[in-house]
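Enquirer: Right, I'll just put the structure down here and ask away after.
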Amino acid sequence: MADKPRFLDVWIVETNTVYREVPFTVVADWVQQGRLLENDMLRWSGQKDWFAVGGTPSFAAYLPRADSHRANDQAEALEAVRVDFSWKPREAEDEDVDMIPLIDVSLVLLIFFILTTTAVAVSTTIPTPKAEFGVLTSNPEMLWIGIDRDGNGEPVYSLGWGDKPATAAEDKNISTLDRLMERVDSRMMEKDEAVEINIKGNEKLPSGVIRDVAIKLEDRRMVDGKIKVSHIYAGVREKNP
């Protein structure tokens with residue numbers, strides 16, 4: 001009849017870790033492998049008394065033991081150590097700087113600058129067609145802002161919905177940016193949801209005029225925690241509407 005397997009609880013003192021119901025043969029393997037030390041504790045599963053690994057004859061035999069000192073230990077320690085290599089002084093050519101990595105980096109940088117310079121030169125010579133509007137859309141819910149110049153070269157504003165021209169007198173020939181923003185606020189109040197705004201500027205206007213309008217519109221993206229402006233587009237047109 002086969003022996004009933006025996007189990008032990010293992011307490012590793014250094015890490016304060018307890019493994020429960022470990023088979024006897026596994027514990028013996030741990031002791032032979034050095035995973036358990038003399039001061040680690042064991043107990044039979046189901047019992048409460050712990051006993052040290054080193055104090056148990058069943059496991060003490062498995063503990064690694066140091067070899068006893070031999071008479072010739074000191075003599076062996078004093079013997080010369082033989083190695084398979086020898087030191088030699090550095091040759092003169094080893095002091096030269098290796099220029100190959102520096103040349104490789106220089107060639108990469110040279111090719112990079114040649115390609116980027118060529119790309120810039122080519123991009124400035126390609127003729128591009130002028131666009132009448134920066135964004136083409138048939139969305140009737142998009143609010144457009146037109147910017148033209150008066151006789152003195154000052155900006156004049158107008159606004160309307162979709163692709164329709166400005167109809168109300170208040171939306172035509174607006175002379176100041178503040179007045180334009182008042183009309184934009186009034187127009188956005190007509191919608192319960194966020195609107196898209198397209199800025200259409202005359203090509204002869206300074207770029208700062210369109211930028212100032214865009215900055216004012218950015219301040220109106222969020223009002224009272226609600227998004228009022230979803231997208232802002234900007235472009236130039238060659239002729240007046």
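Residues are referred to by chain and number: the chain letter is A, B, ... according to the order shown in the structure tokens, the number counts from 1 in that chain, and ligands are numbered separately from 1 in the order shown.
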Please provide as a ChimeraX atom specification all residues within 8 Å of stretch 53-62 of chain A, with the sequence filter that same-chain residues fewer than 6 positions apart are discarded (counting only C-alpha atoms).
Expert: /A:28,31-32,36-42
Enquirer: As an NGL selection string, please: the residues near A:Met142 (cut-off 7 Å, only C-alpha atoms, same-chain neighbours under 5 positions excluded).
Expert: :A and (161-162 or 195-197)
Enquirer: Output N, CA, C and O atoms for every residue in the selection just made, as an mmCIF file, in the first residue's frame.
Expert:
data_model
loop_
_atom_site.group_PDB
_atom_site.id
_atom_site.type_symbol
_atom_site.label_atom_id
_atom_site.label_comp_id
_atom_site.auth_asym_id
_atom_site.auth_seq_id
_atom_site.Cartn_x
_atom_site.Cartn_y
_atom_site.Cartn_z
ATOM 1 N N TRP A 161 -25.743 84.254 -43.972
ATOM 2 C CA TRP A 161 -25.837 82.804 -43.786
ATOM 3 C C TRP A 161 -25.617 82.069 -45.108
ATOM 4 O O TRP A 161 -26.083 82.520 -46.160
ATOM 5 N N GLY A 162 -24.908 80.934 -45.039
ATOM 6 C CA GLY A 162 -24.749 80.058 -46.197
ATOM 7 C C GLY A 162 -24.109 80.764 -47.375
ATOM 8 O O GLY A 162 -23.104 81.454 -47.258
ATOM 9 N N VAL A 195 -22.384 76.924 -34.361
ATOM 10 C CA VAL A 195 -22.352 77.274 -35.774
ATOM 11 C C VAL A 195 -20.915 77.231 -36.290
ATOM 12 O O VAL A 195 -19.955 77.328 -35.529
ATOM 13 N N GLU A 196 -20.809 77.092 -37.605
ATOM 14 C CA GLU A 196 -19.528 77.196 -38.274
ATOM 15 C C GLU A 196 -19.424 78.590 -38.888
ATOM 16 O O GLU A 196 -20.416 79.126 -39.390
ATOM 17 N N ILE A 197 -18.221 79.161 -38.847
ATOM 18 C CA ILE A 197 -18.012 80.520 -39.336
ATOM 19 C C ILE A 197 -16.895 80.495 -40.372
ATOM 20 O O ILE A 197 -15.826 79.909 -40.131
#
Enquirer: Any idea what's packed within 9 Å of A:Arg149, counting only C-alpha atoms, ignoring anything in its chain fewer than 4 positions away? Could you give it as a list in words?
Expert: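 Surrounding residues, per the criterion: Gly153, Glu154, Pro155, Val156, Tyr157, Asn202, Lys204 and Leu205 of chain A.
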Enquirer: Filtering to N, CA, C and O atoms, could you give me those residues as an mmCIF file, in the first residue's frame?
Expert:
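File selection_33.cif, as written:
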data_model
loop_
_atom_site.group_PDB
_atom_site.id
_atom_site.type_symbol
_atom_site.label_atom_id
_atom_site.label_comp_id
_atom_site.auth_asym_id
_atom_site.auth_seq_id
_atom_site.Cartn_x
_atom_site.Cartn_y
_atom_site.Cartn_z
ATOM 1 N N GLY A 153 -8.805 102.266 -47.910
ATOM 2 C CA GLY A 153 -8.060 101.051 -47.610
ATOM 3 C C GLY A 153 -8.380 100.446 -46.265
ATOM 4 O O GLY A 153 -7.736 99.470 -45.871
ATOM 5 N N GLU A 154 -9.379 100.981 -45.561
ATOM 6 C CA GLU A 154 -9.755 100.449 -44.263
ATOM 7 C C GLU A 154 -10.700 99.262 -44.443
ATOM 8 O O GLU A 154 -11.478 99.225 -45.414
ATOM 9 N N PRO A 155 -10.695 98.306 -43.531
ATOM 10 C CA PRO A 155 -11.568 97.144 -43.676
ATOM 11 C C PRO A 155 -13.040 97.479 -43.442
ATOM 12 O O PRO A 155 -13.378 98.291 -42.573
ATOM 13 N N VAL A 156 -13.887 96.867 -44.240
ATOM 14 C CA VAL A 156 -15.338 96.999 -44.096
ATOM 15 C C VAL A 156 -15.893 95.581 -44.008
ATOM 16 O O VAL A 156 -15.562 94.718 -44.833
ATOM 17 N N TYR A 157 -16.762 95.344 -43.034
ATOM 18 C CA TYR A 157 -17.234 93.992 -42.750
ATOM 19 C C TYR A 157 -18.696 93.825 -43.165
ATOM 20 O O TYR A 157 -19.466 94.788 -43.213
ATOM 21 N N ASN A 202 -10.732 89.993 -48.534
ATOM 22 C CA ASN A 202 -10.174 90.487 -49.787
ATOM 23 C C ASN A 202 -8.673 90.216 -49.800
ATOM 24 O O ASN A 202 -7.996 90.342 -48.793
ATOM 25 N N LYS A 204 -6.248 91.827 -50.884
ATOM 26 C CA LYS A 204 -5.370 92.969 -50.683
ATOM 27 C C LYS A 204 -5.370 93.469 -49.238
ATOM 28 O O LYS A 204 -4.711 94.462 -48.930
ATOM 29 N N LEU A 205 -6.105 92.802 -48.390
ATOM 30 C CA LEU A 205 -6.129 93.182 -46.979
ATOM 31 C C LEU A 205 -4.852 92.706 -46.283
ATOM 32 O O LEU A 205 -4.304 91.659 -46.631
#
Enquirer: By how many Å are atom CA of A:Trp30 and atom CA of A:Ile12 apart?
Expert: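 Rounded to one decimal, the two atoms are 11.2 Å apart.
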Enquirer: Of the residues A:Arg6, A:Arg220, A:Arg20, A:Lys164, which is the one nearest to A:Met188, using only C-alpha atoms?
Expert: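 Among A:Arg6, A:Arg220, A:Arg20, A:Lys164, it is A:Arg220 that comes nearest to A:Met188.
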Enquirer: Counting only C-alpha atoms, which residue out of A:Lys191, A:Pro140, A:Met181, A:Asp104 sits closest to A:Glu218?
Expert: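 Comparing A:Lys191, A:Pro140, A:Met181, A:Asp104 against A:Glu218, the winner is A:Met181.
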